[in-house]
Amino acid sequence: MKRIIQYILMLNFAFFGISCSNFLDLKPDQKMAVPKTLAHCELLLNDYSAMNTGYPTLGEMANDDYYLNASDWYSVSEYEDQQTYIWAVDKFNLNNQWQIPYKKVYLSNQILDVLSQLDSKQDAQKYNKVIGAAHFFRAFAFHQVAAIFTLPYQESTASQEMGIPLRMSPDMDYKSVRATLQETYEQIISDYKLAIAYLPVSEVLKGRPYKATAYAGLARVYLDLQNYALAYAYADSCLQLQPELLDYKELDQDEGFPFARFNKEVLFPATGQYSSVLSQYMARVDSNLYLTYELHDYRKTLFFQPNDFDFGTYAFKGSYDNSDAQPFVGLTTSEVYLIRAESAVRTGKVTQALLDINMLLRNRIDANHFTPVAENDPDKLLRIILAERRKELIFRGQRWSDLKRLNQDERFKKTLVRVIDGKEYRLEPNSLKYAHLIPELVISESGMPQNKR
């Protein structure tokens, strides 16, 4: 058993998109190489580091929630990270931002392949949990890759725009081909719907998804697609099953990392890859954003701490992973409340939008100073909800996707600006750079087209 699992995890270094003939020559005895039972599949899913960590962070590095001082920027060791910060990458050579999420796809495909050969009735409950989880992990990984490496979704052009490779088999001896953006999201949605069908209502294992988790993932997808009716429906289904929020007044603002891992808001724990650019010692919170948190907003002291080494600046400490420089990119009930609130106001449900945004803020602001939002004008209320979304989800992996979709609306377009030693760098709304470059090795070995510049 142990040897089987070790072998599968060894496959994690394999690169999905290259010819694998040389790699295949190194395979050990096939009798010991491939998982064959439901128990083997469950063990693979339970490997937290393999399935729940290492998602792409290029969107976090490129967004406008923070800035770097020039001296820190020059000290960034990875050239690609440094250039990503100023949106100037002309060739991307680091493979991990692409490779690691595709490891999760490979493992999910391996599990689904094994399950297809088993009798689902032998242990139906466990079988359903495992197959549902495998579909969930594949959907989540595909969505994370699509959010970084594709252009914003527009219904009118999605059938022509380039999506991502949809690896649907554990067979590694074939090259990757880019699906269309429409096909990409159709597959993500299909996987999430299958996850919903199979997953249980509750799950005791902290890293594993359950039904509310899949509803939340699908709500996030439909928000990206700007299908607000369905984003509302799936957010609502999630919150019917799991509505809990943390009351921030109960947390210790003096803690270095005040949020416990796997706290009751966390529907699915997941983290991005480590980057020194995003560490507390480099990333300074955007000062204008920091000022939007009111004095009696608990987030102001729970999310941020003053930098002793740089007076008047602040670092982020509010990770839901209780760690530094590995952004939490998982799913939480707080995000789902914001999805339902935004989708509600966009679909004419102003009363529901008010209920949701006030439910969230009651758990974030000192009750002695809390005034419920009472705005009934849909446009003004939408602006309030979007402002709260940005404040709540800072360093939570969503800002890049939000910029991509909101830039399509004249009301919310934003040009991002960086300044290094007096030189200004700009990222214009709807720039082709919102689709990060795919690593060169993937392009050269697979022959698939690179993102446009």
# chains A, B, ... in the order shown; residues from 1 in each chain; ligands from 1
>>> residues_around(residues="Tyr281 of chain A", least_positions_apart="3", cutoff="9 Å", atoms="only C-alpha atoms", output="mmCIF file with N, CA and C atoms, in the first residue's frame")
data_model
loop_
_atom_site.group_PDB
_atom_site.id
_atom_site.type_symbol
_atom_site.label_atom_id
_atom_site.label_comp_id
_atom_site.auth_asym_id
_atom_site.auth_seq_id
_atom_site.Cartn_x
_atom_site.Cartn_y
_atom_site.Cartn_z
ATOM 1 N N ASP A 72 12.902 46.434 -2.329
ATOM 2 C CA ASP A 72 12.387 45.066 -2.211
ATOM 3 C C ASP A 72 12.182 44.442 -3.579
ATOM 4 N N SER A 276 7.905 35.077 -2.143
ATOM 5 C CA SER A 276 8.450 36.110 -1.255
ATOM 6 C C SER A 276 7.819 37.463 -1.529
ATOM 7 N N VAL A 277 7.370 37.679 -2.759
ATOM 8 C CA VAL A 277 6.719 38.940 -3.124
ATOM 9 C C VAL A 277 5.510 39.208 -2.234
ATOM 10 N N LEU A 278 4.818 38.153 -1.829
ATOM 11 C CA LEU A 278 3.589 38.288 -1.052
ATOM 12 C C LEU A 278 3.821 38.180 0.453
ATOM 13 N N ARG A 284 3.416 45.462 1.009
ATOM 14 C CA ARG A 284 2.777 46.487 1.818
ATOM 15 C C ARG A 284 1.360 46.700 1.292
ATOM 16 N N ASN A 307 3.995 47.948 10.026
ATOM 17 C CA ASN A 307 5.380 47.531 9.801
ATOM 18 C C ASN A 307 6.314 48.368 10.666
ATOM 19 N N ALA A 315 1.289 45.421 6.864
ATOM 20 C CA ALA A 315 1.405 44.084 6.290
ATOM 21 C C ALA A 315 0.118 43.311 6.555
#
>>> residues_around(residues="segment 136-147 of chain A", least_positions_apart="6", cutoff="8 Å", atoms="only C-alpha atoms", output="list in words")
Met51, Tyr55, Pro56, Trp98, Pro101, Tyr102, Lys104, Val105, Ser108, Asn109, Gly163, Ile164, Leu166, Thr184, Tyr185, Gln187, Ile188, Ile189, Asp191, Tyr192, Leu194, Ala195, Pro209, Ala214, Gly217, Val221, Trp400 and Ser401 of chain A
>>> select_by_dssp(residues="segment 105-186 of chain A", states="helix (DSSP H, G or I)", output="count of residues only")
43
>>> closest_residue(among="A:His40, A:Lys193, A:Arg261, A:Arg389", to="Thr292 of chain A", atoms="only C-alpha atoms")
A:Arg389
>>> select_by_dssp(residues="segment 113-356 of chain A", states="strand (DSSP E or B)", output="list in words")
Met162, Gly163, Ile164, Pro165, Arg178, Ala179, Thr180, Val266, Leu267, Phe268, Thr271, Gly272, Arg284, Val285, Asp297, Phe304, Gln305, Pro306, Tyr314, Ala315, Phe316, Phe328, Leu331 and Thr332 of chain A
>>> closest_residue(among="A:Ser49, A:Gln160, A:Gln326, A:Gln408", to="Gln226 of chain A", atoms="only C-alpha atoms")
A:Gln408
>>> closest_atom_pairs(of="segment 224-276 of chain A", to="segment 328-348 of chain A", cutoff="9 Å", atoms="only C-alpha atoms", output="Markdown table")
| residue | atom | partner | partner_atom | distance |
| --- | --- | --- | --- | --- |
| A:Gln226 | CA | A:Ser343 | CA | 8.9 |
| A:Asn227 | CA | A:Ser343 | CA | 8.5 |
| A:Tyr228 | CA | A:Ser343 | CA | 4.8 |
| A:Ala229 | CA | A:Thr347 | CA | 6.5 |
| A:Leu230 | CA | A:Ser343 | CA | 8.5 |
| A:Ala231 | CA | A:Ser343 | CA | 6.4 |
| A:Tyr232 | CA | A:Arg340 | CA | 4.9 |
| A:Ala233 | CA | A:Arg340 | CA | 8.0 |
| A:Tyr234 | CA | A:Arg340 | CA | 8.5 |
| A:Ala235 | CA | A:Arg340 | CA | 5.5 |
| A:Asp236 | CA | A:Arg340 | CA | 6.6 |
| A:Cys238 | CA | A:Val336 | CA | 7.7 |
| A:Leu239 | CA | A:Thr333 | CA | 7.2 |
| A:Gln242 | CA | A:Thr333 | CA | 7.3 |
| A:Pro243 | CA | A:Thr333 | CA | 6.5 |
| A:Glu244 | CA | A:Thr333 | CA | 6.8 |
| A:Leu245 | CA | A:Ser334 | CA | 6.6 |
| A:Leu246 | CA | A:Ser334 | CA | 8.7 |
| A:Lys264 | CA | A:Thr333 | CA | 8.6 |
| A:Glu265 | CA | A:Thr333 | CA | 5.2 |
| A:Val266 | CA | A:Thr332 | CA | 4.4 |
| A:Leu267 | CA | A:Thr332 | CA | 5.0 |
| A:Phe268 | CA | A:Leu331 | CA | 5.0 |
| A:Pro269 | CA | A:Gly330 | CA | 4.8 |
| A:Ala270 | CA | A:Gly330 | CA | 4.4 |
| A:Thr271 | CA | A:Phe328 | CA | 4.4 |
| A:Gly272 | CA | A:Val329 | CA | 6.3 |
>>> write_last_selection(atoms="C-alpha atoms", output="compact mmCIF listing (two decimals), in the first residue's frame")
# COMPACT_ATOMS: atom_id res chain seq x y z
CA GLN A 226 -21.23 36.84 -15.09
CA ASN A 227 -24.20 34.48 -15.02
CA TYR A 228 -25.61 36.09 -11.91
CA ALA A 229 -28.86 34.13 -11.82
CA LEU A 230 -27.00 30.83 -11.52
CA ALA A 231 -24.32 32.30 -9.24
CA TYR A 232 -27.16 33.31 -6.91
CA ALA A 233 -28.83 29.90 -7.11
CA TYR A 234 -25.70 27.93 -6.24
CA ALA A 235 -24.59 30.37 -3.54
CA ASP A 236 -28.05 30.03 -2.03
CA CYS A 238 -24.49 26.37 -0.37
CA LEU A 239 -25.71 28.67 2.39
CA GLN A 242 -23.69 25.78 5.66
CA PRO A 243 -24.46 29.38 6.71
CA GLU A 244 -21.97 29.84 9.56
CA LEU A 245 -19.79 32.93 9.87
CA LEU A 246 -17.05 33.80 12.32
CA LYS A 264 -15.97 27.26 10.69
CA GLU A 265 -16.18 29.58 7.67
CA VAL A 266 -13.87 27.36 5.62
CA LEU A 267 -15.77 25.22 3.16
CA PHE A 268 -12.64 24.04 1.38
CA PRO A 269 -9.07 24.79 2.48
CA ALA A 270 -6.58 25.49 -0.31
CA THR A 271 -3.44 27.57 -0.59
CA GLY A 272 -1.40 29.06 -3.39
>>> residues_around(residues="segment 294-305 of chain A", least_positions_apart="5", cutoff="10 Å", atoms="only C-alpha atoms", output="count of residues only")
37
>>> residues_around(residues="Glu375 of chain A", least_positions_apart="6", cutoff="9 Å", atoms="only C-alpha atoms", output="list in words")
Val350, Leu354, Leu381 and Ile384 of chain A
>>> closest_residue(among="A:Ser202, A:Ser190, A:Gln398, A:Ser446", to="Lys129 of chain A", atoms="only C-alpha atoms")
A:Ser202
>>> closest_residue(among="A:Arg399, A:Arg405, A:His436, A:Lys121", to="Gln97 of chain A", atoms="only C-alpha atoms")
A:His436
